[in-house]
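Dropping my_file-v9.pdb in here (PDB, C-alpha atoms, pLDDT in the B column):
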```pdb
ATOM      1  CA  THR A  29      67.377  -0.355 -57.209  1.00 95.00           C
ATOM      2  CA  LEU A  30      70.705   0.625 -55.688  1.00 97.00           C
ATOM      3  CA  GLU A  31      71.947   4.127 -54.900  1.00 97.00           C
ATOM      4  CA  LEU A  32      75.299   5.073 -53.366  1.00 98.00           C
ATOM      5  CA  GLY A  33      76.534   8.570 -52.673  1.00 98.00           C
ATOM      6  CA  LEU A  34      79.506  10.417 -51.222  1.00 98.00           C
ATOM      7  CA  HIS A  35      79.324  14.171 -50.808  1.00 96.00           C
ATOM      8  CA  LEU A  36      82.246  16.176 -49.392  1.00 97.00           C
ATOM      9  CA  ARG A  37      82.377  19.953 -49.143  1.00 94.00           C
ATOM     10  CA  ARG A  38      84.088  22.919 -47.508  1.00 95.00           C
ATOM     11  CA  SER A  39      82.605  26.368 -47.944  1.00 93.00           C
ATOM     12  CA  LEU A  40      83.238  29.778 -46.422  1.00 91.00           C
ATOM     13  CA  PHE A  41      79.908  31.095 -47.656  1.00 90.00           C
ATOM     14  CA  TYR A  42      77.410  29.555 -45.219  1.00 92.00           C
ATOM     15  CA  ARG A  43      75.086  31.995 -43.483  1.00 94.00           C
ATOM     16  CA  PHE A  44      73.134  31.684 -40.233  1.00 95.00           C
ATOM     17  CA  PHE A  45      70.345  34.031 -39.160  1.00 96.00           C
ATOM     18  CA  GLY A  46      69.165  32.240 -36.009  1.00 94.00           C
ATOM     19  CA  LEU A  47      66.522  29.576 -35.513  1.00 94.00           C
ATOM     20  CA  GLY A  48      62.854  29.853 -36.329  1.00 91.00           C
ATOM     21  CA  PRO A  49      60.617  31.509 -38.907  1.00 90.00           C
ATOM     22  CA  LEU A  50      60.989  34.929 -37.255  1.00 91.00           C
ATOM     23  CA  SER A  51      64.780  35.075 -37.565  1.00 93.00           C
ATOM     24  CA  LYS A  52      65.833  38.538 -38.687  1.00 93.00           C
ATOM     25  CA  ASN A  53      67.805  39.399 -41.778  1.00 92.00           C
ATOM     26  CA  ALA A  54      69.748  41.911 -39.645  1.00 93.00           C
ATOM     27  CA  ASN A  55      71.184  38.977 -37.617  1.00 94.00           C
ATOM     28  CA  GLU A  56      72.977  37.489 -40.633  1.00 95.00           C
ATOM     29  CA  SER A  57      76.283  35.892 -39.692  1.00 96.00           C
ATOM     30  CA  SER A  58      78.855  33.789 -41.532  1.00 95.00           C
ATOM     31  CA  TYR A  59      80.770  30.578 -40.870  1.00 95.00           C
ATOM     32  CA  THR A  60      82.742  27.909 -42.681  1.00 95.00           C
ATOM     33  CA  ARG A  61      81.435  24.347 -42.694  1.00 95.00           C
ATOM     34  CA  VAL A  62      83.494  21.287 -43.535  1.00 96.00           C
ATOM     35  CA  GLY A  63      81.963  17.849 -43.802  1.00 95.00           C
ATOM     36  CA  GLY A  64      80.164  15.312 -45.809  1.00 96.00           C
ATOM     37  CA  GLU A  65      77.879  12.320 -46.040  1.00 97.00           C
ATOM     38  CA  LEU A  66      78.280   8.729 -47.132  1.00 98.00           C
ATOM     39  CA  ASP A  67      74.887   7.240 -47.914  1.00 97.00           C
ATOM     40  CA  GLY A  68      73.181   4.375 -49.651  1.00 98.00           C
ATOM     41  CA  ARG A  69      69.692   3.106 -50.455  1.00 98.00           C
ATOM     42  CA  VAL A  70      68.443  -0.304 -51.541  1.00 98.00           C
ATOM     43  CA  GLY A  71      64.944  -0.395 -52.992  1.00 97.00           C
ATOM     44  CA  TYR A  72      62.491  -2.704 -54.692  1.00 98.00           C
ATOM     45  CA  ASN A  73      60.157  -1.761 -57.562  1.00 96.00           C
ATOM     46  CA  PHE A  74      56.942  -3.542 -56.634  1.00 94.00           C
ATOM     47  CA  THR A  75      55.129  -1.947 -59.616  1.00 95.00           C
ATOM     48  CA  GLN A  76      56.377   0.097 -62.554  1.00 92.00           C
ATOM     49  CA  ASN A  77      55.959   3.367 -60.623  1.00 95.00           C
ATOM     50  CA  TRP A  78      56.210   2.393 -56.928  1.00 97.00           C
ATOM     51  CA  ASN A  79      59.483   1.749 -55.094  1.00 97.00           C
ATOM     52  CA  ALA A  80      60.062   1.004 -51.400  1.00 98.00           C
ATOM     53  CA  GLY A  81      63.497   0.968 -49.850  1.00 98.00           C
ATOM     54  CA  VAL A  82      65.784   1.188 -46.860  1.00 98.00           C
ATOM     55  CA  PHE A  83      68.619   3.683 -46.568  1.00 98.00           C
ATOM     56  CA  ALA A  84      71.527   4.547 -44.260  1.00 98.00           C
ATOM     57  CA  GLN A  85      73.810   7.535 -43.903  1.00 98.00           C
ATOM     58  CA  LEU A  86      76.997   8.423 -42.022  1.00 98.00           C
ATOM     59  CA  GLU A  87      77.421  12.180 -41.650  1.00 97.00           C
ATOM     60  CA  ARG A  88      80.191  14.352 -40.187  1.00 97.00           C
ATOM     61  CA  GLN A  89      80.083  18.160 -40.014  1.00 96.00           C
ATOM     62  CA  LEU A  90      82.591  20.631 -38.538  1.00 96.00           C
ATOM     63  CA  VAL A  91      82.225  24.390 -38.097  1.00 94.00           C
ATOM     64  CA  GLU A  92      85.398  26.423 -38.566  1.00 94.00           C
ATOM     65  CA  GLN A  93      85.715  29.890 -37.050  1.00 91.00           C
ATOM     66  CA  LYS A  94      86.355  31.526 -40.412  1.00 93.00           C
ATOM     67  CA  HIS A  95      83.934  33.961 -42.007  1.00 92.00           C
ATOM     68  CA  VAL A  96      83.564  36.494 -44.785  1.00 92.00           C
ATOM     69  CA  ASP A  97      84.969  39.839 -43.654  1.00 91.00           C
ATOM     70  CA  PHE A  98      81.765  41.861 -44.154  1.00 93.00           C
ATOM     71  CA  LEU A  99      79.670  39.713 -41.740  1.00 95.00           C
ATOM     72  CA  PRO A 100      80.169  38.765 -38.079  1.00 95.00           C
ATOM     73  CA  LEU A 101      81.242  35.239 -37.129  1.00 95.00           C
ATOM     74  CA  THR A 102      78.313  32.930 -36.301  1.00 95.00           C
ATOM     75  CA  ASN A 103      80.159  31.573 -33.240  1.00 94.00           C
ATOM     76  CA  SER A 104      80.271  35.115 -31.790  1.00 93.00           C
ATOM     77  CA  VAL A 105      76.682  36.134 -32.600  1.00 94.00           C
ATOM     78  CA  PHE A 106      75.027  32.799 -31.641  1.00 95.00           C
ATOM     79  CA  PRO A 107      77.531  31.185 -29.193  1.00 94.00           C
ATOM     80  CA  ASN A 108      75.026  28.782 -27.576  1.00 91.00           C
ATOM     81  CA  THR A 109      73.680  27.244 -30.794  1.00 93.00           C
ATOM     82  CA  THR A 110      73.866  23.447 -30.916  1.00 93.00           C
ATOM     83  CA  GLY A 111      76.241  22.246 -33.634  1.00 94.00           C
ATOM     84  CA  LEU A 112      79.008  24.841 -33.486  1.00 94.00           C
ATOM     85  CA  GLY A 113      81.339  22.192 -32.054  1.00 93.00           C
ATOM     86  CA  GLY A 114      80.653  19.810 -34.939  1.00 94.00           C
ATOM     87  CA  ALA A 115      78.616  16.608 -35.012  1.00 96.00           C
ATOM     88  CA  THR A 116      78.782  13.029 -36.219  1.00 97.00           C
ATOM     89  CA  ALA A 117      75.677  10.898 -36.728  1.00 97.00           C
ATOM     90  CA  TRP A 118      74.519   7.606 -38.217  1.00 97.00           C
ATOM     91  CA  SER A 119      70.983   7.195 -39.523  1.00 97.00           C
ATOM     92  CA  GLU A 120      68.839   4.489 -41.047  1.00 97.00           C
ATOM     93  CA  GLY A 121      65.327   4.684 -42.385  1.00 98.00           C
ATOM     94  CA  LEU A 122      62.581   3.708 -44.797  1.00 98.00           C
ATOM     95  CA  SER A 123      61.256   5.467 -47.864  1.00 98.00           C
ATOM     96  CA  VAL A 124      58.448   4.984 -50.371  1.00 98.00           C
ATOM     97  CA  ARG A 125      58.560   6.601 -53.796  1.00 97.00           C
ATOM     98  CA  PHE A 126      56.096   7.047 -56.653  1.00 97.00           C
ATOM     99  CA  ASP A 127      57.361   8.268 -60.031  1.00 96.00           C
ATOM    100  CA  ASN A 128      55.471   8.115 -63.330  1.00 95.00           C
ATOM    101  CA  ARG A 129      57.758  10.492 -65.273  1.00 93.00           C
ATOM    102  CA  ALA A 130      58.831   8.697 -68.461  1.00 89.00           C
ATOM    103  CA  ARG A 131      62.396  10.057 -68.375  1.00 88.00           C
ATOM    104  CA  ARG A 132      62.605  10.750 -64.621  1.00 84.00           C
ATOM    105  CA  GLU A 133      64.312  14.144 -63.963  1.00 84.00           C
ATOM    106  CA  TYR A 134      64.387  14.961 -67.689  1.00 87.00           C
ATOM    107  CA  SER A 135      60.652  14.519 -68.330  1.00 88.00           C
ATOM    108  CA  PRO A 136      58.400  17.436 -69.360  1.00 87.00           C
ATOM    109  CA  ASN A 137      55.333  15.729 -67.823  1.00 93.00           C
ATOM    110  CA  GLY A 138      54.602  13.524 -64.840  1.00 95.00           C
ATOM    111  CA  PHE A 139      54.405  13.246 -61.076  1.00 97.00           C
ATOM    112  CA  ALA A 140      56.956  12.128 -58.473  1.00 97.00           C
ATOM    113  CA  SER A 141      56.774  11.847 -54.694  1.00 97.00           C
ATOM    114  CA  ASP A 142      58.908  10.595 -51.816  1.00 97.00           C
ATOM    115  CA  LEU A 143      57.926   9.847 -48.217  1.00 98.00           C
ATOM    116  CA  SER A 144      60.715   8.964 -45.776  1.00 98.00           C
ATOM    117  CA  ALA A 145      61.323   8.423 -42.072  1.00 98.00           C
ATOM    118  CA  ALA A 146      64.692   7.917 -40.375  1.00 98.00           C
ATOM    119  CA  PHE A 147      66.128   7.525 -36.905  1.00 97.00           C
ATOM    120  CA  VAL A 148      69.389   9.386 -36.340  1.00 97.00           C
ATOM    121  CA  HIS A 149      71.893   8.060 -33.798  1.00 96.00           C
ATOM    122  CA  GLY A 150      74.109  10.797 -32.389  1.00 95.00           C
ATOM    123  CA  ILE A 151      77.724   9.611 -32.235  1.00 95.00           C
ATOM    124  CA  SER A 152      79.204  12.931 -31.111  1.00 94.00           C
ATOM    125  CA  GLY A 153      77.948  16.509 -30.804  1.00 93.00           C
ATOM    126  CA  THR A 154      74.254  15.592 -31.051  1.00 94.00           C
ATOM    127  CA  ASP A 155      71.539  13.611 -29.303  1.00 94.00           C
ATOM    128  CA  ASN A 156      69.411  10.992 -31.047  1.00 96.00           C
ATOM    129  CA  TYR A 157      66.499  12.348 -33.058  1.00 96.00           C
ATOM    130  CA  ALA A 158      64.151  11.495 -35.921  1.00 97.00           C
ATOM    131  CA  ARG A 159      63.935  12.889 -39.453  1.00 97.00           C
ATOM    132  CA  LEU A 160      60.616  12.843 -41.362  1.00 97.00           C
ATOM    133  CA  SER A 161      59.993  14.260 -44.828  1.00 97.00           C
ATOM    134  CA  ALA A 162      57.516  14.252 -47.688  1.00 98.00           C
ATOM    135  CA  GLU A 163      57.843  15.799 -51.113  1.00 97.00           C
ATOM    136  CA  ALA A 164      55.630  15.756 -54.209  1.00 97.00           C
ATOM    137  CA  LYS A 165      56.182  17.446 -57.554  1.00 95.00           C
ATOM    138  CA  GLY A 166      54.267  17.590 -60.788  1.00 96.00           C
ATOM    139  CA  LEU A 167      55.282  18.755 -64.267  1.00 94.00           C
ATOM    140  CA  TRP A 168      53.105  19.491 -67.258  1.00 94.00           C
ATOM    141  CA  GLU A 169      53.750  20.878 -70.730  1.00 91.00           C
ATOM    142  CA  GLU A 170      51.217  23.632 -71.332  1.00 89.00           C
ATOM    143  CA  THR A 171      52.342  24.533 -74.863  1.00 88.00           C
ATOM    144  CA  SER A 172      55.425  23.826 -76.979  1.00 84.00           C
ATOM    145  CA  PHE A 173      57.185  26.765 -75.281  1.00 88.00           C
ATOM    146  CA  LEU A 174      55.493  26.948 -71.848  1.00 92.00           C
ATOM    147  CA  GLN A 175      56.087  24.569 -68.939  1.00 91.00           C
ATOM    148  CA  GLY A 176      54.147  24.288 -65.674  1.00 93.00           C
ATOM    149  CA  ALA A 177      55.368  22.841 -62.368  1.00 93.00           C
ATOM    150  CA  ALA A 178      54.176  22.467 -58.788  1.00 95.00           C
ATOM    151  CA  ARG A 179      55.949  21.230 -55.669  1.00 94.00           C
ATOM    152  CA  ALA A 180      54.892  20.568 -52.071  1.00 96.00           C
ATOM    153  CA  TYR A 181      57.485  19.876 -49.359  1.00 96.00           C
ATOM    154  CA  TRP A 182      57.281  19.112 -45.637  1.00 97.00           C
ATOM    155  CA  ALA A 183      60.017  18.113 -43.162  1.00 97.00           C
ATOM    156  CA  TYR A 184      60.192  17.663 -39.395  1.00 97.00           C
ATOM    157  CA  THR A 185      63.062  16.747 -37.068  1.00 96.00           C
ATOM    158  CA  PRO A 186      61.661  15.890 -33.624  1.00 94.00           C
ATOM    159  CA  GLY A 187      64.209  15.653 -30.826  1.00 91.00           C
ATOM    160  CA  HIS A 188      66.471  17.754 -28.600  1.00 89.00           C
ATOM    161  CA  ASP A 189      69.935  19.241 -29.086  1.00 90.00           C
ATOM    162  CA  ILE A 190      69.891  18.845 -32.874  1.00 95.00           C
ATOM    163  CA  PRO A 191      72.699  20.726 -34.676  1.00 95.00           C
ATOM    164  CA  PHE A 192      71.258  23.672 -36.581  1.00 95.00           C
ATOM    165  CA  TYR A 193      72.593  22.403 -39.937  1.00 94.00           C
ATOM    166  CA  ASN A 194      70.718  19.081 -39.499  1.00 95.00           C
ATOM    167  CA  GLN A 195      67.325  20.648 -38.816  1.00 95.00           C
ATOM    168  CA  SER A 196      64.681  21.341 -41.438  1.00 94.00           C
ATOM    169  CA  SER A 197      65.491  24.336 -43.630  1.00 93.00           C
ATOM    170  CA  LEU A 198      64.236  26.468 -46.508  1.00 93.00           C
ATOM    171  CA  GLY A 199      66.235  28.518 -48.988  1.00 90.00           C
ATOM    172  CA  GLY A 200      68.799  27.805 -51.677  1.00 84.00           C
ATOM    173  CA  SER A 201      68.603  26.294 -55.149  1.00 82.00           C
ATOM    174  CA  PHE A 202      65.617  23.974 -54.675  1.00 81.00           C
ATOM    175  CA  ARG A 203      63.343  25.118 -51.827  1.00 83.00           C
ATOM    176  CA  MET A 204      62.175  28.702 -51.453  1.00 83.00           C
ATOM    177  CA  ARG A 205      64.473  29.957 -54.174  1.00 80.00           C
ATOM    178  CA  GLY A 206      65.389  33.627 -53.946  1.00 81.00           C
ATOM    179  CA  PHE A 207      66.700  33.173 -50.418  1.00 87.00           C
ATOM    180  CA  THR A 208      70.208  32.101 -49.460  1.00 86.00           C
ATOM    181  CA  GLU A 209      70.726  28.433 -48.560  1.00 87.00           C
ATOM    182  CA  ASP A 210      69.400  27.576 -45.068  1.00 90.00           C
ATOM    183  CA  ARG A 211      67.818  31.032 -44.694  1.00 93.00           C
ATOM    184  CA  PHE A 212      65.113  29.615 -42.408  1.00 94.00           C
ATOM    185  CA  ILE A 213      66.040  26.783 -40.016  1.00 94.00           C
ATOM    186  CA  ASP A 214      63.755  25.142 -37.470  1.00 95.00           C
ATOM    187  CA  LYS A 215      62.534  21.700 -36.423  1.00 95.00           C
ATOM    188  CA  GLY A 216      59.794  21.881 -39.018  1.00 96.00           C
ATOM    189  CA  ALA A 217      59.559  23.384 -42.504  1.00 95.00           C
ATOM    190  CA  TRP A 218      57.057  23.337 -45.362  1.00 95.00           C
ATOM    191  CA  GLU A 219      56.448  25.093 -48.644  1.00 94.00           C
ATOM    192  CA  ILE A 220      54.231  24.961 -51.720  1.00 94.00           C
ATOM    193  CA  GLU A 221      55.414  26.306 -55.082  1.00 92.00           C
ATOM    194  CA  LEU A 222      53.654  26.849 -58.389  1.00 92.00           C
ATOM    195  CA  GLU A 223      55.569  27.914 -61.507  1.00 89.00           C
TER     196      GLU A 223
END
```
Could I get this structure in the form of structure tokens?
Amino acid sequence: TLELGLHLRRSLFYRFFGLGPLSKNANESSYTRVGGELDGRVGYNFTQNWNAGVFAQLERQLVEQKHVDFLPLTNSVFPNTTGLGGATAWSEGLSVRFDNRARREYSPNGFASDLSAAFVHGISGTDNYARLSAEAKGLWEETSFLQGAARAYWAYTPGHDIPFYNQSSLGGSFRMRGFTEDRFIDKGAWEIELE
């Protein structure tokens, strides 16, 4: 299998509440982030459902001192947070996947999981650190009009002086929905969902 990706973005709507699970909603601040990732993965299907692969990523992020006018600037509220000066990093790692969904992301039934470990080399604005993650999700069709789903997620980024936007996070469209993107940021994060 071969996967290549390029993701570039610039958004004024990023929020930062501080680090850790006890960060307060009252500390909400705003910043603009510019950056992107160039990544690739080469894998081998050693059975119909199992795939093992290696991947690499080059990432560059910048924080601009621009914010929405109804929130304070993150650089002013959290001036000593690692990552406000931007960061560039290169990473490589290994991943193992299991997926028995007949039509992958478009299947009404099945199970998929991914376990990955990477070493991140800080080029500028960050030290070296590791990135570990595991995710499993199951789908089942209960009736012709009712769908069930479950997901378990865990991530950990051991190391020092890791930019806040590269640490483990919860919130956004996929993990801990109902909260803004990156609502909770820390070295470790986990969640379990049932729908």
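Those residues that approach A:Met204 to within 12 Å, counting only C-alpha atoms, are A:Arg179, A:Ala180, A:Tyr181, A:Ser197, A:Leu198, A:Gly199, A:Gly200, A:Ser201, A:Phe207, A:Thr208, A:Glu209, A:Asp210, A:Arg211, A:Phe212, A:Ala217, A:Trp218, A:Glu219, A:Ile220, A:Glu221, A:Leu222; same-chain residues fewer than 3 positions away are not listed.
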Q | Chain and number of each residue from the PyMOL selection byres ((chain A and resi 136-152) around 7), as a PyMOL selection string | A | chain A and resi 115-129+134-135+153-169
Assuming 4 Å of padding per side, give the centre and edge lengths of the axis-aligned box around every listed atom of stretch 199-212 of chain A, in Å to one decimal and as JSON.
```
{"center_x": 66.5, "center_y": 28.8, "center_z": -48.8, "size_x": 16.6, "size_y": 17.7, "size_z": 20.7}
```
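Here atom CA of A:Ala183 is placed at a distance of 17.4 Å from atom CA of A:Gln85.
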Find the residues around A:Arg37 up to 8 Å (only C-alpha atoms counted), leave out those fewer than 4 positions away in its own chain, and share them as a compact mmCIF listing (two decimals) with C-alpha atoms, in the coordinates of the input.
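After the write, selection.txt holds the following:
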```txt
# COMPACT_ATOMS: atom_id res chain seq x y z
CA ARG A 61 81.44 24.35 -42.69
CA VAL A 62 83.49 21.29 -43.54
CA GLY A 63 81.96 17.85 -43.80
CA GLY A 64 80.16 15.31 -45.81
```
Q: Apply the PyMOL selection byres ((chain A and resi 29) around 8) to the displayed file and report the matching residues as a list in words.
A: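 Residues picked by the PyMOL selection byres ((chain A and resi 29) around 8): Leu30, Glu31, Arg69, Val70, Gly71, Tyr72 and Asn73 of chain A.
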Output C-alpha atoms of each residue in that selection to a file, as a compact mmCIF listing (two decimals), in the coordinates of the input.
```
# COMPACT_ATOMS: atom_id res chain seq x y z
CA LEU A 30 70.70 0.62 -55.69
CA GLU A 31 71.95 4.13 -54.90
CA ARG A 69 69.69 3.11 -50.46
CA VAL A 70 68.44 -0.30 -51.54
CA GLY A 71 64.94 -0.40 -52.99
CA TYR A 72 62.49 -2.70 -54.69
CA ASN A 73 60.16 -1.76 -57.56
```
Q) For the file shown, what are the residues hit by the PyMOL selection byres ((chain A and resi 43-45) around 7), laid out as a PyMOL selection string? A) chain A and resi 41-42+46-47+51-53+55-59+102+211
Q: Enter the distance from atom CA of A:Thr185 to atom CA of A:Gly216, in Å, rounded to one decimal.
A: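 So the two atoms, atom CA of A:Thr185 and atom CA of A:Gly216, lie 6.4 Å apart.
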Is it possible to produce a file of stretch 178-213 of chain A from this structure, with N, CA and C atoms, as a compact mmCIF listing (two decimals), in the first residue's frame?
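Result file follows (part38.txt):
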```txt
# COMPACT_ATOMS: atom_id res chain seq x y z
N ALA A 178 -18.70 2.39 18.06
CA ALA A 178 -17.89 2.57 19.26
C ALA A 178 -16.47 2.90 18.83
N ARG A 179 -15.80 3.72 19.64
CA ARG A 179 -14.42 4.11 19.34
C ARG A 179 -13.64 4.23 20.65
N ALA A 180 -12.40 3.76 20.62
CA ALA A 180 -11.47 3.95 21.75
C ALA A 180 -10.20 4.57 21.17
N TYR A 181 -9.67 5.57 21.85
CA TYR A 181 -8.50 6.31 21.37
C TYR A 181 -7.57 6.59 22.53
N TRP A 182 -6.26 6.47 22.28
CA TRP A 182 -5.24 6.78 23.27
C TRP A 182 -4.02 7.36 22.54
N ALA A 183 -3.43 8.41 23.09
CA ALA A 183 -2.23 9.01 22.50
C ALA A 183 -1.34 9.53 23.62
N TYR A 184 -0.03 9.48 23.38
CA TYR A 184 0.95 9.96 24.36
C TYR A 184 2.15 10.52 23.62
N THR A 185 2.65 11.67 24.08
CA THR A 185 3.82 12.30 23.47
C THR A 185 4.88 12.56 24.55
N PRO A 186 5.67 11.52 24.88
CA PRO A 186 6.71 11.72 25.89
C PRO A 186 7.84 12.59 25.36
N GLY A 187 8.35 13.46 26.21
CA GLY A 187 9.45 14.34 25.84
C GLY A 187 9.32 15.67 26.55
N HIS A 188 10.23 16.58 26.24
CA HIS A 188 10.25 17.92 26.86
C HIS A 188 10.18 18.97 25.77
N ASP A 189 9.68 20.15 26.14
CA ASP A 189 9.59 21.29 25.23
C ASP A 189 8.93 20.92 23.90
N ILE A 190 7.75 20.31 24.00
CA ILE A 190 6.95 19.94 22.83
C ILE A 190 5.97 21.08 22.56
N PRO A 191 5.92 21.62 21.34
CA PRO A 191 4.93 22.66 21.04
C PRO A 191 3.52 22.19 21.39
N PHE A 192 2.72 23.09 21.91
CA PHE A 192 1.38 22.71 22.37
C PHE A 192 0.53 22.10 21.25
N TYR A 193 0.69 22.55 20.02
CA TYR A 193 -0.13 22.04 18.92
C TYR A 193 0.34 20.67 18.43
N ASN A 194 1.46 20.16 18.93
CA ASN A 194 1.93 18.81 18.57
C ASN A 194 1.70 17.80 19.68
N GLN A 195 1.14 18.23 20.80
CA GLN A 195 0.84 17.31 21.89
C GLN A 195 -0.49 16.62 21.63
N SER A 196 -0.80 15.66 22.46
CA SER A 196 -2.07 14.94 22.35
C SER A 196 -3.22 15.88 22.66
N SER A 197 -4.33 15.74 21.92
CA SER A 197 -5.45 16.65 22.15
C SER A 197 -6.79 15.95 21.94
N LEU A 198 -7.82 16.54 22.52
CA LEU A 198 -9.20 16.09 22.37
C LEU A 198 -10.05 17.30 21.99
N GLY A 199 -11.09 17.04 21.22
CA GLY A 199 -11.99 18.10 20.77
C GLY A 199 -11.97 18.19 19.26
N GLY A 200 -13.05 18.71 18.69
CA GLY A 200 -13.11 18.88 17.24
C GLY A 200 -14.11 17.94 16.59
N SER A 201 -13.88 17.63 15.33
CA SER A 201 -14.84 16.87 14.53
C SER A 201 -14.83 15.37 14.81
N PHE A 202 -13.71 14.83 15.32
CA PHE A 202 -13.59 13.38 15.42
C PHE A 202 -13.44 12.86 16.84
N ARG A 203 -12.80 13.60 17.73
CA ARG A 203 -12.56 13.11 19.09
C ARG A 203 -13.15 14.08 20.10
N MET A 204 -14.04 13.58 20.91
CA MET A 204 -14.73 14.39 21.92
C MET A 204 -15.51 15.52 21.26
N ARG A 205 -16.33 15.12 20.30
CA ARG A 205 -17.15 16.09 19.58
C ARG A 205 -18.01 16.88 20.56
N GLY A 206 -18.35 18.08 20.20
CA GLY A 206 -19.10 18.97 21.09
C GLY A 206 -18.18 19.98 21.73
N PHE A 207 -16.89 19.76 21.64
CA PHE A 207 -15.90 20.72 22.11
C PHE A 207 -15.15 21.27 20.90
N THR A 208 -14.64 22.48 21.01
CA THR A 208 -13.85 23.07 19.94
C THR A 208 -12.58 22.25 19.70
N GLU A 209 -12.00 22.35 18.53
CA GLU A 209 -10.78 21.61 18.21
C GLU A 209 -9.68 21.95 19.22
N ASP A 210 -8.93 20.93 19.66
CA ASP A 210 -7.84 21.10 20.61
C ASP A 210 -8.30 21.72 21.94
N ARG A 211 -9.51 21.42 22.37
CA ARG A 211 -10.01 21.98 23.63
C ARG A 211 -9.15 21.54 24.80
N PHE A 212 -8.75 20.27 24.82
CA PHE A 212 -7.89 19.75 25.89
C PHE A 212 -6.57 19.30 25.26
N ILE A 213 -5.46 19.83 25.74
CA ILE A 213 -4.13 19.52 25.22
C ILE A 213 -3.24 19.12 26.38
```
